[in-house]
Amino acid sequence: MDLQLNKKVVLITGGGKGIGSGITLELAKEGAIPIILSRSSILPAFKERLEKHTDNYEFIQIDLNEADKIKPIVDDIAKRYGSIYGIVNNAGANDNKDLETTSWQEFEKSLHGNLTHYYELVHASVKYLKASRGSILNITSKTAFTGQGKTSAYAAAKGAILGLTREWASALFKDHVRSNAIVVSECWTPLYAKWIKTFADPEARKKIITDKIPYEHRFTTIEEIAATAVFVLSPISSHTTAQWIFVDGGYVHLDRALT
Ligand code: NAP
């Protein structure tokens, strides 16, 4: 299937690692022009994989917490390429700011790191998205639905992202701009690997988690999320907007007592 993404410019935050890197690769395979906005340089192994599919990509180093830097970057991209078709808001991290020990100042700082740049990137890009009849995809987390017990700020940010997804779909449908979200539950990525090491027995914890994922009792792969992401983002999904799409092996919706 031709996803009609050829030569379309798509900005992906955190697009050099984890889920974002999978989306960048799929976009490259479709002939799109991925522009990675991320904090750390892309690793040589990922660069090599990407360059098997395209030379027509960019990496722009930015700490997205410095939200004032976003608009000049967006305007420069639009000027150089002539248009922007897609935004993939993906960068973020579960920082475990819990209810009992987190001050409101730390809570706000965490919200800033997980939420403000999602807003600012779309705010800065909206006129270009309107001009290209573009598409927004927000990556969010199951914690917005299930909680996690120790992560008030992250859960709040991820819930707000669901709200923004619908708000932007409402604000922009007359301009033929779509806005959707993918909800991730348990996907094996560098961030996940780091998080699991915070448990005394990471292997035992992995088993507890995968045992509870109904479909095949395994983690979702980066490729599975990327395939859905690129399809939903593409013009082929032309009547899909305001959706929260769960790519999670049934983790959030199925009865956990199923064996
Ligand atoms: P990851 O492996 O850490 O990749 C995220 C990338 O985003 C990294 O390159 C990271 O840079 C970058 N990044 C994070 N904050 C940034 C900032 N402020 N400025 C610039 N770059 C930044 O994470 P992932 O597991 O792929 O997660 C991607 C998204 O999925 C996140 O929004 C996360 O909340 C969500 N999610 C993931 C899971 C899961 O199971 N993995 C579950 C639910 C939701 P550094 O390398 O410098 O940190």
# chains A, B, ... in the order shown; residues from 1 in each chain; ligands from 1
>>> residues_around(residues="Gly163 (chain A)", least_positions_apart="2", cutoff="12 Å", atoms="only C-alpha atoms", output="list in words")
Leu115, Tyr118, Tyr119, Asn138, Thr140, Ala144, Ala156, Ala157, Lys158, Gly159, Ala160, Ile161, Thr165, Arg166, Glu167, Trp168, Ala169, Ser170, Ser179, Asn180, Ala181, Ala242, Gln243 and Trp244 of chain A
>>> write_last_selection(atoms="N, CA and C atoms", output="compact mmCIF listing (two decimals), in the first residue's frame")
# COMPACT_ATOMS: atom_id res chain seq x y z
N LEU A 115 4.88 17.75 28.72
CA LEU A 115 3.65 18.26 28.11
C LEU A 115 3.85 19.54 27.29
N TYR A 118 4.90 19.35 23.69
CA TYR A 118 3.86 18.80 22.79
C TYR A 118 3.00 19.97 22.29
N TYR A 119 2.62 20.83 23.23
CA TYR A 119 1.79 21.98 22.85
C TYR A 119 2.55 22.93 21.92
N ASN A 138 0.18 12.13 18.55
CA ASN A 138 0.73 12.27 19.90
C ASN A 138 0.93 10.89 20.52
N THR A 140 1.25 8.76 23.79
CA THR A 140 0.94 8.90 25.21
C THR A 140 1.00 7.54 25.90
N ALA A 144 -2.34 7.25 31.82
CA ALA A 144 -3.44 8.21 31.82
C ALA A 144 -4.77 7.51 32.10
N ALA A 156 -0.54 12.82 34.76
CA ALA A 156 -1.28 14.05 34.43
C ALA A 156 -0.91 14.55 33.04
N ALA A 157 0.39 14.54 32.74
CA ALA A 157 0.84 15.00 31.41
C ALA A 157 0.25 14.12 30.32
N LYS A 158 0.29 12.81 30.54
CA LYS A 158 -0.18 11.89 29.50
C LYS A 158 -1.71 11.99 29.34
N GLY A 159 -2.42 12.28 30.43
CA GLY A 159 -3.87 12.51 30.33
C GLY A 159 -4.16 13.80 29.57
N ALA A 160 -3.37 14.82 29.85
CA ALA A 160 -3.56 16.10 29.16
C ALA A 160 -3.31 15.94 27.66
N ILE A 161 -2.38 15.07 27.30
CA ILE A 161 -2.08 14.83 25.88
C ILE A 161 -3.31 14.22 25.18
N THR A 165 -5.23 16.03 22.13
CA THR A 165 -5.47 15.32 20.86
C THR A 165 -6.87 15.61 20.36
N ARG A 166 -7.85 15.54 21.26
CA ARG A 166 -9.25 15.80 20.87
C ARG A 166 -9.47 17.29 20.60
N GLU A 167 -8.88 18.12 21.45
CA GLU A 167 -9.02 19.56 21.28
C GLU A 167 -8.49 20.00 19.91
N TRP A 168 -7.32 19.48 19.54
CA TRP A 168 -6.73 19.88 18.25
C TRP A 168 -7.55 19.31 17.09
N ALA A 169 -8.10 18.11 17.27
CA ALA A 169 -8.96 17.55 16.21
C ALA A 169 -10.17 18.47 16.02
N SER A 170 -10.72 18.98 17.13
CA SER A 170 -11.87 19.90 17.06
C SER A 170 -11.48 21.24 16.45
N SER A 179 -5.85 14.92 14.02
CA SER A 179 -5.07 14.80 15.26
C SER A 179 -5.47 13.50 15.96
N ASN A 180 -4.48 12.64 16.19
CA ASN A 180 -4.74 11.34 16.82
C ASN A 180 -3.66 11.04 17.86
N ALA A 181 -3.95 10.07 18.70
CA ALA A 181 -2.95 9.65 19.70
C ALA A 181 -2.79 8.14 19.67
N ALA A 242 -9.19 12.47 15.97
CA ALA A 242 -9.66 12.51 17.37
C ALA A 242 -9.60 11.15 18.06
N GLN A 243 -8.81 10.24 17.50
CA GLN A 243 -8.80 8.87 18.05
C GLN A 243 -7.65 8.65 19.05
N TRP A 244 -7.95 7.83 20.04
CA TRP A 244 -6.93 7.32 20.97
C TRP A 244 -6.77 5.85 20.62
>>> residues_near_ligand(ligand="ligand 1", cutoff="8 Å", atoms="only C-alpha atoms and all ligand atoms", output="number ranges by chain")
A: 13-21, 37-42, 61-66, 89-94, 113-114, 117, 139-143, 154, 158, 183-192, 220, 222
>>> write_last_selection(atoms="C-alpha atoms", output="mmCIF file, in the first residue's frame")
data_model
loop_
_atom_site.group_PDB
_atom_site.id
_atom_site.type_symbol
_atom_site.label_atom_id
_atom_site.label_comp_id
_atom_site.auth_asym_id
_atom_site.auth_seq_id
_atom_site.Cartn_x
_atom_site.Cartn_y
_atom_site.Cartn_z
ATOM 1 C CA THR A 13 10.499 14.514 18.758
ATOM 2 C CA GLY A 14 12.833 11.966 20.321
ATOM 3 C CA GLY A 15 12.993 10.416 16.854
ATOM 4 C CA GLY A 16 16.478 8.963 17.246
ATOM 5 C CA LYS A 17 15.796 6.434 19.973
ATOM 6 C CA GLY A 18 13.125 3.993 21.167
ATOM 7 C CA ILE A 19 9.622 4.368 19.746
ATOM 8 C CA GLY A 20 10.523 7.593 17.957
ATOM 9 C CA SER A 21 13.399 5.895 16.111
ATOM 10 C CA LEU A 37 14.234 16.834 17.098
ATOM 11 C CA SER A 38 16.047 15.338 20.054
ATOM 12 C CA ARG A 39 18.408 15.950 22.926
ATOM 13 C CA SER A 40 21.195 13.409 22.448
ATOM 14 C CA SER A 41 22.973 12.734 19.183
ATOM 15 C CA ILE A 42 21.733 9.780 17.183
ATOM 16 C CA GLN A 61 19.722 18.812 18.521
ATOM 17 C CA ILE A 62 17.392 20.465 21.008
ATOM 18 C CA ASP A 63 16.378 20.039 24.612
ATOM 19 C CA LEU A 64 12.630 20.399 24.138
ATOM 20 C CA ASN A 65 12.316 21.661 27.713
ATOM 21 C CA GLU A 66 13.736 24.883 26.272
ATOM 22 C CA ASN A 89 5.012 14.368 19.501
ATOM 23 C CA ASN A 90 6.864 11.505 21.172
ATOM 24 C CA ALA A 91 9.691 12.637 23.479
ATOM 25 C CA GLY A 92 8.988 12.100 27.149
ATOM 26 C CA ALA A 93 9.872 10.012 30.178
ATOM 27 C CA ASN A 94 8.222 8.559 33.231
ATOM 28 C CA GLY A 113 9.139 18.254 30.485
ATOM 29 C CA ASN A 114 6.384 15.920 29.334
ATOM 30 C CA HIS A 117 6.759 20.903 24.188
ATOM 31 C CA ILE A 139 2.357 9.392 21.735
ATOM 32 C CA THR A 140 0.937 8.904 25.208
ATOM 33 C CA SER A 141 0.774 6.294 27.938
ATOM 34 C CA LYS A 142 -1.594 3.840 29.532
ATOM 35 C CA THR A 143 -0.894 5.551 32.863
ATOM 36 C CA TYR A 154 3.643 11.868 34.251
ATOM 37 C CA LYS A 158 -0.184 11.889 29.496
ATOM 38 C CA VAL A 183 -1.504 4.886 23.712
ATOM 39 C CA VAL A 184 1.508 2.777 24.646
ATOM 40 C CA SER A 185 1.486 0.355 27.558
ATOM 41 C CA GLU A 186 4.592 -1.829 27.713
ATOM 42 C CA CYS A 187 7.057 -1.390 24.847
ATOM 43 C CA TRP A 188 10.664 -2.509 25.114
ATOM 44 C CA THR A 189 12.841 0.580 24.485
ATOM 45 C CA PRO A 190 16.067 2.051 25.962
ATOM 46 C CA LEU A 191 13.909 4.017 28.420
ATOM 47 C CA TYR A 192 12.037 0.888 29.454
ATOM 48 C CA THR A 220 4.849 -4.530 22.285
ATOM 49 C CA ILE A 222 8.825 -0.586 18.566
#
>>> select_by_dssp(residues="region 29-208 of chain A", states="alpha helix (DSSP H)", output="number ranges by chain")
A: 29, 44-51, 70-81, 104-111, 117-132, 143-146, 152-172, 190-196, 202-208
>>> atom_distance(atom1="CA of Tyr57 (chain A)", atom2="CA of Gly22 (chain A)")
14.1 Å
>>> residues_around(residues="Arg256 (chain A)", least_positions_apart="2", cutoff="12 Å", atoms="only C-alpha atoms", output="list of chain:residue names")
A:Ile209, A:Thr210, A:Asp211, A:Lys212, A:Ile213, A:Pro214, A:Tyr215, A:His217, A:Gly249, A:Gly250, A:Tyr251, A:Val252, A:His253, A:Leu254, A:Leu258, A:Thr259
>>> write_last_selection(atoms="C-alpha atoms", output="compact mmCIF listing (two decimals), in the first residue's frame")
# COMPACT_ATOMS: atom_id res chain seq x y z
CA ILE A 209 4.56 -7.56 33.53
CA THR A 210 4.57 -9.77 30.43
CA ASP A 211 2.39 -12.37 32.17
CA LYS A 212 -0.29 -9.64 32.37
CA ILE A 213 -0.17 -8.67 28.70
CA PRO A 214 -2.99 -10.79 27.23
CA TYR A 215 -1.85 -11.03 23.63
CA HIS A 217 2.42 -12.41 26.92
CA GLY A 249 -1.69 -6.42 23.18
CA GLY A 250 -5.01 -5.80 24.92
CA TYR A 251 -3.30 -4.71 28.15
CA VAL A 252 -5.67 -1.88 29.07
CA HIS A 253 -8.98 -3.25 27.85
CA LEU A 254 -9.01 -7.01 28.32
CA LEU A 258 -7.91 -14.14 31.27
CA THR A 259 -5.52 -17.09 31.05
>>> closest_residue(among="A:Glu120, A:Glu48, A:Glu223, A:Asp248", to="Ile182 (chain A)", atoms="only C-alpha atoms")
A:Asp248
>>> residues_around(residues="Lys130 (chain A)", least_positions_apart="6", cutoff="9 Å", atoms="only C-alpha atoms", output="list in words")
Tyr85, Leu172, Asp175, His176 and Val177 of chain A
>>> write_last_selection(atoms="C-alpha atoms", output="short mmCIF file (atom, residue, chain, number, x, y, z; two decimals), in the first residue's frame")
data_model
loop_
_atom_site.label_atom_id
_atom_site.label_comp_id
_atom_site.auth_asym_id
_atom_site.auth_seq_id
_atom_site.Cartn_x
_atom_site.Cartn_y
_atom_site.Cartn_z
CA TYR A 85 3.03 17.74 6.71
CA LEU A 172 -8.52 21.93 13.07
CA ASP A 175 -8.77 23.01 7.94
CA HIS A 176 -8.48 19.31 7.06
CA VAL A 177 -5.83 18.73 9.74
#
>>> closest_residue(among="A:Val88, A:Lys52, A:Lys206, A:Ile36", to="Arg218 (chain A)", atoms="only C-alpha atoms")
A:Lys206
